[in-house]
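Input: a single structure, listed below in structure tokens.
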Amino acid sequence: MSPERCGWGPGALSNVGPREKQDNAVTVHSRVAAARDRLREAGLSPAEADLGARLLAQHALGWDTARYFTAGGESEPDGFAQRYDTLIGRRAAREPVAYITGRQEFWNLSFEVSPAVLIPRWETELIVEAAVELLRDRPAASDPLRIADVCTGCGCLAIALARELPGAEFVATDISEAALGVARRNASRHGVEARVAFVHTDVLEGISGPFDAIVANPPYVRSGDRPGLQPEVGNHEPGVALFGGADGVDIVARVVSHAAPRLRAGAPLVFEFGFGQDMAVEQLISDAPGLTMIGLRRDLQGIARTAVAKRL
């Protein structure tokens, strides 16, 4: 049928009122729906595509979640489509959302992240939970708690614990200077920079005890597992923060051996490890002079993720 027979002859658009123009405009929600389809075609799961498309829209717009759902049915703002398309292109290439936005939530705190640091996962919050439980009810002492955070990355463990344990002092180490730069900015952002000393070193080399606790999220992925990792991980996150040797426990073993002589009597060592490494971790702790196993913390799927030991 021709446009003329439908009443769309020359000059017809000039008679379209404001409401009709708005109805024909692209809304934020429709733009996001198209982005979801693009991300699914790029290989993301429906859940990943849906979440990524929404979060990147909020980032491009500077909106929070509430505004997205209440105002997303309106016409998209000028310039949004181009900005958003660039972000979706990066996500379709499997760049993590956290690196695109530069932010990741951990322990209800917002952390700066970059390709220099591992993106914090919610499973790592098990370390914070265990450490707080063990330290919060510690008998009062004249000296403040002194805690070490090994392989600090973006600083999420030291900073979360500093917020939970006012007055405690921290030494946070990392082999990457770039990671320490991110961690320092995060400490300043959350107002704990005066209580966290960031040190460029390997594990705890050159760091003296005693500590009232040591926490760590060391590299623990087996080096041979690289080809099977998600592109977001294997192609984007820093290998120095991921890989722990052929068995995945090279750095874990060093954390255990360094921790034992640097802990006060009764002080805990709490650290994360990889899937299926629980038996190897228990053996490492058993072989370490002065350490004894307290237990393992498991995630919501029942997978052992975190070891808790203490100095005898």
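All residue names refer to the structure tokens as shown: chains lettered A, B, ... in order, residues numbered from 1 in each chain, ligands numbered from 1 in order.
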
Need the shell around region 124-134 of chain A: protein/DNA/RNA residues with any atom at most 9 Å away, counting only C-alpha atoms. Skip same-chain ones fewer than 3 positions apart. Format as a compact mmCIF listing (two decimals) with N, CA and C atoms, in the first residue's frame?
```txt
# COMPACT_ATOMS: atom_id res chain seq x y z
N PHE A 106 31.34 -4.37 46.78
CA PHE A 106 31.86 -5.42 47.65
C PHE A 106 31.57 -5.01 49.08
N TRP A 107 30.93 -5.89 49.85
CA TRP A 107 30.60 -5.61 51.25
C TRP A 107 29.81 -4.29 51.36
N PRO A 120 36.54 -7.88 42.52
CA PRO A 120 36.08 -8.58 43.73
C PRO A 120 34.81 -9.39 43.46
N ARG A 121 34.78 -10.61 44.01
CA ARG A 121 33.60 -11.47 43.91
C ARG A 121 32.91 -11.53 45.27
N ASP A 137 34.86 -9.77 68.93
CA ASP A 137 34.68 -10.04 70.36
C ASP A 137 35.99 -10.34 71.07
N ARG A 138 37.10 -10.00 70.43
CA ARG A 138 38.41 -10.21 71.05
C ARG A 138 38.52 -9.38 72.32
N LEU A 157 39.53 -6.21 50.88
CA LEU A 157 39.52 -6.88 52.18
C LEU A 157 39.97 -5.95 53.30
N ALA A 158 41.11 -5.31 53.12
CA ALA A 158 41.62 -4.42 54.16
C ALA A 158 40.64 -3.29 54.44
N ALA A 160 37.27 -3.12 53.76
CA ALA A 160 36.03 -3.60 54.38
C ALA A 160 36.25 -3.90 55.86
N LEU A 161 37.38 -4.53 56.18
CA LEU A 161 37.67 -4.84 57.58
C LEU A 161 37.96 -3.58 58.39
N GLU A 164 34.75 -2.23 59.40
CA GLU A 164 34.07 -3.05 60.41
C GLU A 164 34.78 -3.03 61.76
N LEU A 165 36.08 -2.76 61.75
CA LEU A 165 36.87 -2.83 62.98
C LEU A 165 37.55 -1.48 63.21
N ALA A 213 45.78 -10.94 62.98
CA ALA A 213 45.09 -11.72 61.94
C ALA A 213 45.81 -11.46 60.62
N ILE A 214 45.76 -12.46 59.75
CA ILE A 214 46.23 -12.31 58.38
C ILE A 214 45.12 -12.83 57.47
N VAL A 215 44.76 -12.02 56.48
CA VAL A 215 43.76 -12.42 55.49
C VAL A 215 44.40 -12.37 54.11
N ALA A 216 43.86 -13.15 53.19
CA ALA A 216 44.46 -13.18 51.85
C ALA A 216 43.49 -13.74 50.83
N ASN A 217 43.54 -13.17 49.63
CA ASN A 217 42.88 -13.75 48.47
C ASN A 217 43.96 -13.92 47.40
N ALA A 267 45.95 -16.19 66.99
CA ALA A 267 45.49 -15.30 65.92
C ALA A 267 45.11 -16.11 64.67
N PRO A 268 44.09 -15.66 63.93
CA PRO A 268 43.62 -16.43 62.77
C PRO A 268 44.32 -16.06 61.47
N LEU A 269 44.36 -17.04 60.59
CA LEU A 269 44.73 -16.89 59.18
C LEU A 269 43.50 -17.27 58.38
N VAL A 270 43.00 -16.36 57.55
CA VAL A 270 41.79 -16.60 56.77
C VAL A 270 42.10 -16.29 55.31
N PHE A 271 41.91 -17.27 54.43
CA PHE A 271 42.24 -17.04 53.03
C PHE A 271 41.34 -17.84 52.10
N GLU A 272 41.26 -17.37 50.86
CA GLU A 272 40.45 -18.01 49.83
C GLU A 272 41.31 -18.99 49.03
N ARG A 297 34.93 -22.43 55.18
CA ARG A 297 33.69 -21.72 54.90
C ARG A 297 33.26 -22.06 53.47
N ARG A 298 31.96 -22.29 53.29
CA ARG A 298 31.44 -22.70 51.99
C ARG A 298 30.50 -21.65 51.42
N ASP A 299 30.42 -21.61 50.09
CA ASP A 299 29.52 -20.66 49.44
C ASP A 299 28.10 -21.22 49.41
N ARG A 305 35.34 -22.62 50.00
CA ARG A 305 35.99 -21.45 49.39
C ARG A 305 37.05 -20.82 50.27
N THR A 306 36.86 -20.90 51.57
CA THR A 306 37.69 -20.14 52.50
C THR A 306 38.20 -21.04 53.62
N ALA A 307 39.49 -20.95 53.91
CA ALA A 307 40.11 -21.70 55.00
C ALA A 307 40.29 -20.78 56.19
N VAL A 308 40.06 -21.31 57.39
CA VAL A 308 40.28 -20.59 58.62
C VAL A 308 41.20 -21.43 59.49
```

request  = List the neighbours of Gly72 (chain A) out to 9 Å using only C-alpha atoms; skip same-chain residues closer than 4 positions along the sequence, and give me the result as a count of residues only.
outcome  = 7

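For the choices A:Gly224, A:Gly266, A:Gly290, A:Gly89, the atom-to-atom distance to Gly52 (chain A) is smallest for A:Gly89 when using only C-alpha atoms.
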
Give me the residues near Gly276 (chain A) as a PDB file with all heavy atoms, in the first residue's frame, where near means some atom within 9 Å (using only C-alpha atoms) and where sequence neighbours in that chain fewer than 3 positions away do not count.
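Output (result_17.pdb):
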```
ATOM      1  N   PHE A 273      40.652 -20.000  48.469  1.00  0.00           N
ATOM      2  CA  PHE A 273      41.353 -20.964  47.610  1.00  0.00           C
ATOM      3  C   PHE A 273      40.389 -21.425  46.525  1.00  0.00           C
ATOM      4  O   PHE A 273      39.205 -21.078  46.527  1.00  0.00           O
ATOM      5  CB  PHE A 273      41.901 -22.142  48.418  1.00  0.00           C
ATOM      6  CG  PHE A 273      40.854 -22.885  49.206  1.00  0.00           C
ATOM      7  CD1 PHE A 273      40.113 -23.911  48.632  1.00  0.00           C
ATOM      8  CD2 PHE A 273      40.604 -22.561  50.539  1.00  0.00           C
ATOM      9  CE1 PHE A 273      39.148 -24.595  49.350  1.00  0.00           C
ATOM     10  CE2 PHE A 273      39.637 -23.239  51.273  1.00  0.00           C
ATOM     11  CZ  PHE A 273      38.909 -24.258  50.681  1.00  0.00           C
ATOM     12  N   MET A 279      41.510 -30.214  50.088  1.00  0.00           N
ATOM     13  CA  MET A 279      42.376 -31.219  50.702  1.00  0.00           C
ATOM     14  C   MET A 279      43.836 -30.761  50.696  1.00  0.00           C
ATOM     15  O   MET A 279      44.561 -30.945  51.687  1.00  0.00           O
ATOM     16  CB  MET A 279      42.226 -32.561  49.979  1.00  0.00           C
ATOM     17  CG  MET A 279      40.867 -33.214  50.168  1.00  0.00           C
ATOM     18  SD  MET A 279      40.740 -34.853  49.395  1.00  0.00           S
ATOM     19  CE  MET A 279      41.941 -35.784  50.339  1.00  0.00           C
ATOM     20  N   ALA A 280      44.256 -30.146  49.597  1.00  0.00           N
ATOM     21  CA  ALA A 280      45.626 -29.641  49.521  1.00  0.00           C
ATOM     22  C   ALA A 280      45.846 -28.530  50.550  1.00  0.00           C
ATOM     23  O   ALA A 280      46.908 -28.462  51.192  1.00  0.00           O
ATOM     24  CB  ALA A 280      45.911 -29.124  48.117  1.00  0.00           C
ATOM     25  N   ILE A 303      30.233 -25.186  48.109  1.00  0.00           N
ATOM     26  CA  ILE A 303      31.621 -25.376  47.688  1.00  0.00           C
ATOM     27  C   ILE A 303      32.556 -24.717  48.690  1.00  0.00           C
ATOM     28  O   ILE A 303      32.359 -23.546  49.051  1.00  0.00           O
ATOM     29  CB  ILE A 303      31.851 -24.782  46.288  1.00  0.00           C
ATOM     30  CG1 ILE A 303      30.950 -25.487  45.262  1.00  0.00           C
ATOM     31  CG2 ILE A 303      33.310 -24.880  45.875  1.00  0.00           C
ATOM     32  CD1 ILE A 303      30.928 -24.821  43.905  1.00  0.00           C
ATOM     33  N   ALA A 304      33.557 -25.468  49.167  1.00  0.00           N
ATOM     34  CA  ALA A 304      34.524 -24.905  50.102  1.00  0.00           C
ATOM     35  C   ALA A 304      35.329 -23.808  49.407  1.00  0.00           C
ATOM     36  O   ALA A 304      35.912 -24.034  48.343  1.00  0.00           O
ATOM     37  CB  ALA A 304      35.458 -26.000  50.608  1.00  0.00           C
TER      38      ALA A 304
END
```

request  = Would you please give, as a PyMOL selection string, all residues of region 183-307 of chain A that DSSP assigns to strand (DSSP E or B) based on the backbone?
outcome  = chain A and resi 196-200+211+213-216+221+243+263+268-272+291-298+304-307

task = Kindly give the distance, in Å, that separates CA of Leu109 (chain A) and CA of Arg189 (chain A), rounded to a single decimal.
result =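 CA of Leu109 (chain A) sits 10.1 Å away from CA of Arg189 (chain A).
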
List the spatial neighbours of region 201-210 of chain A as a PDB file with N, CA, C and O atoms, in the first residue's frame - criterion: any atom at most 8 Å away, only C-alpha atoms, same-chain residues fewer than 4 positions off excluded.
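Everything below was put into out_14.pdb:
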```pdb
ATOM      1  N   ARG A 146      46.312  -5.393  64.826  1.00  0.00           N
ATOM      2  CA  ARG A 146      47.202  -5.236  63.678  1.00  0.00           C
ATOM      3  C   ARG A 146      46.925  -6.407  62.729  1.00  0.00           C
ATOM      4  O   ARG A 146      47.084  -7.581  63.101  1.00  0.00           O
ATOM      5  N   VAL A 150      47.149  -9.861  52.499  1.00  0.00           N
ATOM      6  CA  VAL A 150      48.139 -10.288  51.509  1.00  0.00           C
ATOM      7  C   VAL A 150      47.490 -10.380  50.134  1.00  0.00           C
ATOM      8  O   VAL A 150      46.369 -10.872  49.997  1.00  0.00           O
ATOM      9  N   CYS A 151      48.194  -9.902  49.096  1.00  0.00           N
ATOM     10  CA  CYS A 151      47.651  -9.862  47.732  1.00  0.00           C
ATOM     11  C   CYS A 151      46.387  -8.999  47.717  1.00  0.00           C
ATOM     12  O   CYS A 151      45.318  -9.434  47.277  1.00  0.00           O
ATOM     13  N   THR A 173      49.587  -5.779  51.279  1.00  0.00           N
ATOM     14  CA  THR A 173      50.699  -5.985  50.349  1.00  0.00           C
ATOM     15  C   THR A 173      50.209  -6.432  48.979  1.00  0.00           C
ATOM     16  O   THR A 173      49.157  -7.062  48.847  1.00  0.00           O
ATOM     17  N   ASP A 174      51.014  -6.102  47.970  1.00  0.00           N
ATOM     18  CA  ASP A 174      50.763  -6.619  46.629  1.00  0.00           C
ATOM     19  C   ASP A 174      52.059  -6.524  45.833  1.00  0.00           C
ATOM     20  O   ASP A 174      52.874  -5.622  46.062  1.00  0.00           O
ATOM     21  N   ILE A 175      52.216  -7.451  44.894  1.00  0.00           N
ATOM     22  CA  ILE A 175      53.401  -7.449  44.049  1.00  0.00           C
ATOM     23  C   ILE A 175      53.266  -6.445  42.909  1.00  0.00           C
ATOM     24  O   ILE A 175      54.244  -6.123  42.230  1.00  0.00           O
ATOM     25  N   ARG A 254      52.798 -20.314  49.952  1.00  0.00           N
ATOM     26  CA  ARG A 254      53.680 -19.268  50.478  1.00  0.00           C
ATOM     27  C   ARG A 254      52.961 -18.406  51.501  1.00  0.00           C
ATOM     28  O   ARG A 254      53.553 -17.969  52.479  1.00  0.00           O
ATOM     29  N   VAL A 255      51.682 -18.149  51.267  1.00  0.00           N
ATOM     30  CA  VAL A 255      50.903 -17.401  52.263  1.00  0.00           C
ATOM     31  C   VAL A 255      50.897 -18.153  53.596  1.00  0.00           C
ATOM     32  O   VAL A 255      51.126 -17.572  54.659  1.00  0.00           O
ATOM     33  N   HIS A 258      54.434 -18.073  55.213  1.00  0.00           N
ATOM     34  CA  HIS A 258      54.788 -16.742  55.708  1.00  0.00           C
ATOM     35  C   HIS A 258      53.957 -16.355  56.924  1.00  0.00           C
ATOM     36  O   HIS A 258      54.423 -15.617  57.793  1.00  0.00           O
ATOM     37  N   ALA A 259      52.704 -16.829  56.967  1.00  0.00           N
ATOM     38  CA  ALA A 259      51.803 -16.409  58.039  1.00  0.00           C
ATOM     39  C   ALA A 259      52.174 -17.001  59.390  1.00  0.00           C
ATOM     40  O   ALA A 259      52.111 -16.303  60.413  1.00  0.00           O
ATOM     41  N   PRO A 261      54.858 -17.788  61.247  1.00  0.00           N
ATOM     42  CA  PRO A 261      55.736 -17.118  62.210  1.00  0.00           C
ATOM     43  C   PRO A 261      55.363 -15.658  62.486  1.00  0.00           C
ATOM     44  O   PRO A 261      55.953 -15.037  63.371  1.00  0.00           O
ATOM     45  N   ARG A 262      54.381 -15.124  61.755  1.00  0.00           N
ATOM     46  CA  ARG A 262      54.042 -13.706  61.907  1.00  0.00           C
ATOM     47  C   ARG A 262      52.739 -13.483  62.665  1.00  0.00           C
ATOM     48  O   ARG A 262      52.305 -12.339  62.841  1.00  0.00           O
ATOM     49  N   LEU A 263      52.095 -14.544  63.103  1.00  0.00           N
ATOM     50  CA  LEU A 263      50.844 -14.431  63.845  1.00  0.00           C
ATOM     51  C   LEU A 263      51.086 -14.541  65.344  1.00  0.00           C
ATOM     52  O   LEU A 263      51.929 -15.325  65.801  1.00  0.00           O
ATOM     53  N   ARG A 264      50.325 -13.777  66.113  1.00  0.00           N
ATOM     54  CA  ARG A 264      50.333 -13.944  67.564  1.00  0.00           C
ATOM     55  C   ARG A 264      49.685 -15.282  67.912  1.00  0.00           C
ATOM     56  O   ARG A 264      48.927 -15.860  67.136  1.00  0.00           O
TER      57      ARG A 264
END
```

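CA of Gly245 (chain A) to CA of Arg226 (chain A) spans 11.2 Å [interatomic distance, one decimal].
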
query = Between CA of Pro115 (chain A) and CA of Phe198 (chain A), what is the spacing in Å?
reply =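 Calculated distance between CA of Phe198 (chain A) and CA of Pro115 (chain A) is 19.0 Å.
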